[in-house]
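Asker: I have a structure I would like to understand better, so I am pasting it below and will then ask my questions one at a time.
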Amino acid sequence: MEIERDYQKSLDFIYSFIDLSITRNLRYSPERFDLSRMFKLMALLRDPQLDYDVIHVAGTKGKGSICAMAASIMKEAGYKVGFFPHFI
């Protein structure tokens with residue numbers, strides 16, 4: 001049926017993107033993960049990330065747990081904490 005074929009084509013498209021969380025043989029290297037363009041962009045914007053203290057948590061799994069633990073630790077240490085989980 002045409003619906004099943006279209007559905008399979010859609011799945012093939014979605015699965016064509018790399019899921020780094022399940023790629024076991026991936027080797028992290030400067031050639032593959034190069035942040036030089038991001039550093040240049042931040043420099044052009046006068047490095048706004050240096051104007052305030054933040055903990056930026058990124059990754060594929062566990063962000064909510066890590067953010068909650070970090071916020072709790074910082075509160076107990078006497079810091080004023082803003083906890084804004086933003087998941088895309």
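A note on labels: chains of the structure tokens are A, B, ... as shown, every chain counts residues from 1, and ligands are counted from 1 in their shown order.
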Find the residues around A:Tyr79 up to 12 Å (only C-alpha atoms counted), leave out those fewer than 4 positions away in its own chain, and share them as a PyMOL selection string.
Answerer: chain A and resi 53-54+70-75
Asker: To one decimal place, how far is atom CA of A:Lys63 from atom CA of A:Glu76 in Å?
Answerer: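 Between these atoms lies a distance of 19.9 Å.
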